[in-house]
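Reading through the structure tokens given below for one structure.
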Amino acid sequence: MVKMGKDYYDILGIKKGASEDDIKKAYRKQALRFHPDKNKSSGAEEKFKEIAEAYDVLSDPKKKDIYDRYGEEGLKGGGIPGGGGGPGNFSYSFQGDPHVIFAEFFGGRNPFEQFFGGRNGGMDEDMDTDDPFARFGMGGGGIGGFPRSFSSSMGGMGPHTSVVKKHQDPPVVHDLQVTLEEVLSGCTKRMKISRKRLNPDGRSVRVEDKILEVQIKKGWKEGTKITFPKEGDETPTVIPADVVFVLKDKPHPVFKRDGSDIVYTAKISLRDALCGCTVNAPTLDGRTVTVSTTDIVQPGMKRRISGEGLPYPKRPDRRGDLLVEYEVRFPERLSQSARDTIAQVLPRS
């Protein structure tokens, strides 16, 4: 009589003759129960490996047939009457990584985090660790015990499929406010981000901070994007997303921006608007320029001071203009004599 050695069926908690679907369900249940990330008992790691070996044999028709007929020793070339190293010199030795088998089955290295979120990898304290997926109606019918529609969306989770390809999340976008003075001269912004990074084991993640230096060049316009490739979160199934900073103009107390021009609003009296005036307009670099007019200031009138604006993005050695925009302040009241004088001086049309 042939010695059976390890009882792979017993390891998975099923009986000999179990169907392919029963084997998958049993592996799913036992692997989740004894995964070292969740089961901290002293023998969990060895049990997890034993479960992987049992599944590796019973999920493969050829190995399963030899095991069913000759047992573990026959499968591994040592227990067939007459020797010979197994039928057709077949000899099996489990060389697989139980974590890789787990990843191939579930389509990712951490189904706890993927499906549950939350603390410590994501499984709630009261979750049924024997079969947590049962609560979501995922029992049977598909690859690895998942419904067929769900397993298809995961790219396949059978024992002979490869690990689902990593995907990259959409870019992580942050607004970056800059002052007009910073756009005038250029500057460097140091931005601190927190992101997830994979540990050397390729399964667990850590949170780390990183400083990204953003070089703001002279004249850059609002909406300019600065991209740092793959500086986002990393997980076993996710390629880090790009981190993108989008320039936004910080509101200025004195100026408004119009492309590479800047606009200064000069408030003048009605008298100055009619009789001519001189305005001392400030500049972005702290100087003042004198702007005089002897003309009547019409509504919407502007005066242009060449070269006192912002640098052109593609020609930073050249600058836009300073636009002086007039705002006329009307008096709140007039004396009767003033009214009479104005009535005599100003035409009716």
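The way I read the labels, and the way they are meant: chains A, B, ... in the order of the structure tokens, residue 1 as the first residue of every chain, and ligand 1 as the first ligand shown, with later ones counted on from there.
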Item to complete: Please provide as a ChimeraX atom specification all residues within 10 Å of Pro170 in chain A, with the sequence filter that same-chain residues fewer than 2 positions apart are discarded (counting only C-alpha atoms).
Response: /A:167-168,172-173,232,240-243
Item to complete: Find the residues near range 202-218 of chain A: any atom within 6 Å, counting only C-alpha atoms, skip ones fewer than 5 places away on the same chain, and give them as a PyMOL selection string.
Response: chain A and resi 183-197+236
Selection to disk with all heavy atoms, as a compact mmCIF listing (two decimals), in the first residue's frame:
```
# COMPACT_ATOMS: atom_id res chain seq x y z
N VAL A 183 6.51 85.90 -10.00
CA VAL A 183 6.49 85.67 -11.45
C VAL A 183 7.46 86.63 -12.15
O VAL A 183 8.09 86.29 -13.14
CB VAL A 183 5.06 85.85 -12.00
CG1 VAL A 183 5.05 85.71 -13.52
CG2 VAL A 183 4.12 84.81 -11.39
N LEU A 184 7.61 87.83 -11.60
CA LEU A 184 8.51 88.82 -12.19
C LEU A 184 9.97 88.35 -12.14
O LEU A 184 10.70 88.44 -13.13
CB LEU A 184 8.37 90.15 -11.45
CG LEU A 184 9.37 91.26 -11.83
CD1 LEU A 184 9.15 91.72 -13.26
CD2 LEU A 184 9.27 92.43 -10.85
N SER A 185 10.38 87.83 -11.00
CA SER A 185 11.79 87.50 -10.81
C SER A 185 12.10 86.01 -10.90
O SER A 185 13.25 85.62 -11.05
CB SER A 185 12.26 88.02 -9.44
OG SER A 185 11.48 87.45 -8.39
N GLY A 186 11.05 85.15 -10.85
CA GLY A 186 11.28 83.71 -10.77
C GLY A 186 11.63 83.32 -9.34
O GLY A 186 12.13 84.15 -8.57
N CYS A 187 11.38 82.09 -8.98
CA CYS A 187 11.66 81.66 -7.61
C CYS A 187 11.63 80.14 -7.54
O CYS A 187 11.30 79.45 -8.51
CB CYS A 187 10.64 82.26 -6.63
SG CYS A 187 8.96 81.64 -6.86
N THR A 188 11.96 79.61 -6.37
CA THR A 188 11.87 78.18 -6.10
C THR A 188 10.92 77.96 -4.94
O THR A 188 11.07 78.57 -3.88
CB THR A 188 13.25 77.58 -5.75
OG1 THR A 188 14.14 77.77 -6.85
CG2 THR A 188 13.14 76.10 -5.45
N LYS A 189 9.93 77.11 -5.13
CA LYS A 189 8.97 76.75 -4.08
C LYS A 189 9.30 75.34 -3.59
O LYS A 189 9.53 74.44 -4.39
CB LYS A 189 7.55 76.78 -4.62
CG LYS A 189 7.04 78.16 -5.02
CD LYS A 189 6.53 78.91 -3.82
CE LYS A 189 5.77 80.16 -4.24
NZ LYS A 189 5.20 80.86 -3.08
N ARG A 190 9.33 75.18 -2.30
CA ARG A 190 9.56 73.86 -1.71
C ARG A 190 8.23 73.35 -1.15
O ARG A 190 7.69 73.91 -0.21
CB ARG A 190 10.62 73.93 -0.60
CG ARG A 190 12.01 74.27 -1.14
CD ARG A 190 12.98 74.62 -0.01
NE ARG A 190 13.14 73.53 0.95
CZ ARG A 190 13.97 72.51 0.78
NH1 ARG A 190 14.73 72.44 -0.30
NH2 ARG A 190 14.08 71.57 1.69
N MET A 191 7.73 72.27 -1.77
CA MET A 191 6.42 71.74 -1.42
C MET A 191 6.58 70.37 -0.74
O MET A 191 7.22 69.47 -1.29
CB MET A 191 5.55 71.60 -2.68
CG MET A 191 5.47 72.87 -3.52
SD MET A 191 4.78 74.28 -2.63
CE MET A 191 3.12 73.70 -2.37
N LYS A 192 6.00 70.24 0.42
CA LYS A 192 6.07 68.98 1.17
C LYS A 192 4.85 68.13 0.86
O LYS A 192 3.72 68.59 0.97
CB LYS A 192 6.14 69.27 2.67
CG LYS A 192 6.26 68.01 3.54
CD LYS A 192 6.36 68.40 5.01
CE LYS A 192 6.48 67.17 5.90
NZ LYS A 192 6.57 67.54 7.34
N ILE A 193 5.09 66.88 0.44
CA ILE A 193 3.99 65.96 0.16
C ILE A 193 4.17 64.70 1.02
O ILE A 193 5.28 64.35 1.42
CB ILE A 193 3.92 65.57 -1.33
CG1 ILE A 193 5.20 64.82 -1.75
CG2 ILE A 193 3.69 66.79 -2.21
CD1 ILE A 193 5.08 64.17 -3.13
N SER A 194 3.07 64.02 1.31
CA SER A 194 3.09 62.72 1.97
C SER A 194 2.58 61.69 0.97
O SER A 194 1.58 61.92 0.30
CB SER A 194 2.21 62.72 3.22
OG SER A 194 2.75 63.56 4.21
N ARG A 195 3.29 60.57 0.87
CA ARG A 195 2.87 59.55 -0.08
C ARG A 195 3.19 58.17 0.46
O ARG A 195 4.01 58.01 1.36
CB ARG A 195 3.54 59.75 -1.45
CG ARG A 195 4.98 59.25 -1.53
CD ARG A 195 6.00 60.35 -1.42
NE ARG A 195 7.37 59.84 -1.47
CZ ARG A 195 8.09 59.75 -2.58
NH1 ARG A 195 7.58 60.11 -3.74
NH2 ARG A 195 9.33 59.32 -2.54
N LYS A 196 2.51 57.15 -0.09
CA LYS A 196 2.76 55.76 0.29
C LYS A 196 3.86 55.20 -0.60
O LYS A 196 3.90 55.46 -1.80
CB LYS A 196 1.49 54.92 0.10
CG LYS A 196 0.35 55.28 1.04
CD LYS A 196 -0.86 54.42 0.75
CE LYS A 196 -2.03 54.78 1.66
NZ LYS A 196 -3.24 53.98 1.35
N ARG A 197 4.75 54.44 0.01
CA ARG A 197 5.83 53.77 -0.72
C ARG A 197 5.88 52.30 -0.32
O ARG A 197 5.64 51.94 0.84
CB ARG A 197 7.18 54.41 -0.41
CG ARG A 197 7.33 55.83 -0.89
CD ARG A 197 7.71 55.89 -2.35
NE ARG A 197 6.64 56.37 -3.19
CZ ARG A 197 6.76 56.65 -4.46
NH1 ARG A 197 7.91 56.49 -5.08
NH2 ARG A 197 5.74 57.07 -5.16
N PRO A 236 1.18 47.58 -4.05
CA PRO A 236 1.58 46.42 -4.84
C PRO A 236 0.95 46.37 -6.22
O PRO A 236 1.49 45.74 -7.13
CB PRO A 236 1.13 45.24 -3.98
CG PRO A 236 1.19 45.75 -2.59
CD PRO A 236 0.75 47.17 -2.67
```
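Interatomic distance, CA of Leu323 in chain A to CA of Arg271 in chain A: 21.8 Å.
Closest approach to Tyr70 in chain A among A:Ile14, A:Val178, A:Gly5, A:Ala273: A:Gly5, based on only C-alpha atoms.
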Worksheet entry | Contact residues around range 57-64 of chain A with only C-alpha atoms at 8 Å, ignoring same-chain residues under 3 positions, as a PyMOL selection string | chain A and resi 8+20+23-24+53-54+67-68+75+159
How would the residues just chosen look if you wrote them out with C-alpha atoms as an mmCIF file, in the first residue's frame?
```cif
data_model
loop_
_atom_site.group_PDB
_atom_site.id
_atom_site.type_symbol
_atom_site.label_atom_id
_atom_site.label_comp_id
_atom_site.auth_asym_id
_atom_site.auth_seq_id
_atom_site.Cartn_x
_atom_site.Cartn_y
_atom_site.Cartn_z
ATOM 1 C CA TYR A 8 -3.397 17.868 0.802
ATOM 2 C CA GLU A 20 -12.203 22.212 -9.031
ATOM 3 C CA ILE A 23 -10.651 23.373 -4.271
ATOM 4 C CA LYS A 24 -10.614 27.052 -5.182
ATOM 5 C CA GLU A 53 1.588 23.679 -1.753
ATOM 6 C CA ALA A 54 -1.692 21.792 -1.396
ATOM 7 C CA TYR A 67 -1.138 12.441 -6.096
ATOM 8 C CA ASP A 68 -4.553 10.750 -6.025
ATOM 9 C CA LEU A 75 4.295 12.589 -6.521
ATOM 10 C CA PRO A 159 -4.174 29.421 -10.549
#
```
Worksheet item: From the set A:Arg348, A:Lys29, A:His35, A:Arg69, which residue has the shortest atom-to-atom contact distance to Lys16 in chain A, counting only C-alpha atoms?
Response: A:Arg69
Practice prompt. Just the residues within 10 Å of Met301 in chain A, please, counting only C-alpha atoms, with nothing from its chain fewer than 2 positions along; format it as a VMD selection string.
Written response: chain A and resid 296 to 299 303 324 to 327
Serialized selection, all heavy atoms, as a short mmCIF file (atom, residue, chain, number, x, y, z; two decimals), in the first residue's frame:
```cif
data_model
loop_
_atom_site.label_atom_id
_atom_site.label_comp_id
_atom_site.auth_asym_id
_atom_site.auth_seq_id
_atom_site.Cartn_x
_atom_site.Cartn_y
_atom_site.Cartn_z
N ILE A 296 -8.92 115.23 -21.63
CA ILE A 296 -10.04 114.83 -20.78
C ILE A 296 -10.03 113.30 -20.68
O ILE A 296 -9.91 112.60 -21.69
CB ILE A 296 -11.37 115.33 -21.37
CG1 ILE A 296 -11.42 116.87 -21.33
CG2 ILE A 296 -12.56 114.73 -20.61
CD1 ILE A 296 -12.64 117.46 -22.00
N VAL A 297 -10.14 112.80 -19.47
CA VAL A 297 -10.13 111.35 -19.26
C VAL A 297 -11.51 110.80 -19.60
O VAL A 297 -12.49 111.07 -18.91
CB VAL A 297 -9.74 111.00 -17.81
CG1 VAL A 297 -9.84 109.49 -17.60
CG2 VAL A 297 -8.33 111.49 -17.48
N GLN A 298 -11.56 110.02 -20.67
CA GLN A 298 -12.80 109.40 -21.10
C GLN A 298 -13.03 108.08 -20.35
O GLN A 298 -12.08 107.46 -19.86
CB GLN A 298 -12.75 109.13 -22.61
CG GLN A 298 -12.46 110.33 -23.47
CD GLN A 298 -13.65 111.25 -23.57
OE1 GLN A 298 -14.78 110.88 -23.23
NE2 GLN A 298 -13.41 112.48 -24.03
N PRO A 299 -14.29 107.64 -20.22
CA PRO A 299 -14.56 106.34 -19.58
C PRO A 299 -13.78 105.22 -20.28
O PRO A 299 -13.77 105.11 -21.51
CB PRO A 299 -16.07 106.16 -19.77
CG PRO A 299 -16.60 107.56 -19.88
CD PRO A 299 -15.53 108.33 -20.60
N ARG A 303 -3.58 104.34 -20.11
CA ARG A 303 -2.28 104.76 -20.62
C ARG A 303 -1.32 103.59 -20.48
O ARG A 303 -1.29 102.89 -19.46
CB ARG A 303 -1.76 105.96 -19.82
CG ARG A 303 -2.58 107.22 -19.99
CD ARG A 303 -2.44 107.78 -21.41
NE ARG A 303 -1.07 108.12 -21.73
CZ ARG A 303 -0.50 109.29 -21.42
NH1 ARG A 303 -1.20 110.23 -20.78
NH2 ARG A 303 0.75 109.53 -21.76
N VAL A 324 -2.11 101.84 -17.05
CA VAL A 324 -2.73 102.70 -16.04
C VAL A 324 -4.17 102.92 -16.46
O VAL A 324 -4.45 103.51 -17.51
CB VAL A 324 -1.98 104.04 -15.92
CG1 VAL A 324 -2.67 104.93 -14.88
CG2 VAL A 324 -0.52 103.81 -15.53
N GLU A 325 -5.05 102.42 -15.64
CA GLU A 325 -6.49 102.49 -15.91
C GLU A 325 -7.10 103.53 -14.97
O GLU A 325 -6.91 103.46 -13.75
CB GLU A 325 -7.11 101.11 -15.67
CG GLU A 325 -8.56 100.97 -16.00
CD GLU A 325 -9.03 99.53 -15.76
OE1 GLU A 325 -9.16 99.15 -14.57
OE2 GLU A 325 -9.24 98.80 -16.73
N TYR A 326 -7.83 104.49 -15.50
CA TYR A 326 -8.37 105.59 -14.69
C TYR A 326 -9.76 105.25 -14.16
O TYR A 326 -10.61 104.72 -14.88
CB TYR A 326 -8.43 106.88 -15.52
CG TYR A 326 -7.08 107.41 -15.91
CD1 TYR A 326 -6.53 107.14 -17.16
CD2 TYR A 326 -6.34 108.19 -15.02
CE1 TYR A 326 -5.29 107.62 -17.52
CE2 TYR A 326 -5.09 108.69 -15.38
CZ TYR A 326 -4.57 108.40 -16.62
OH TYR A 326 -3.34 108.88 -16.97
N GLU A 327 -9.93 105.59 -12.90
CA GLU A 327 -11.25 105.48 -12.27
C GLU A 327 -11.61 106.85 -11.70
O GLU A 327 -10.91 107.36 -10.82
CB GLU A 327 -11.24 104.43 -11.15
CG GLU A 327 -12.58 104.25 -10.46
CD GLU A 327 -12.52 103.23 -9.33
OE1 GLU A 327 -12.08 102.09 -9.58
OE2 GLU A 327 -12.86 103.60 -8.19
#
```
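With distances restricted to only C-alpha atoms, A:Leu12 is the closest residue to Ile51 in chain A from A:Pro316, A:Glu73, A:Leu12, A:Arg33.
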Item to complete: Apply DSSP to the structure's backbone, then extract all residues of range 212-277 of chain A labelled alpha helix (DSSP H) and return them as a count of residues only.
Response: 6
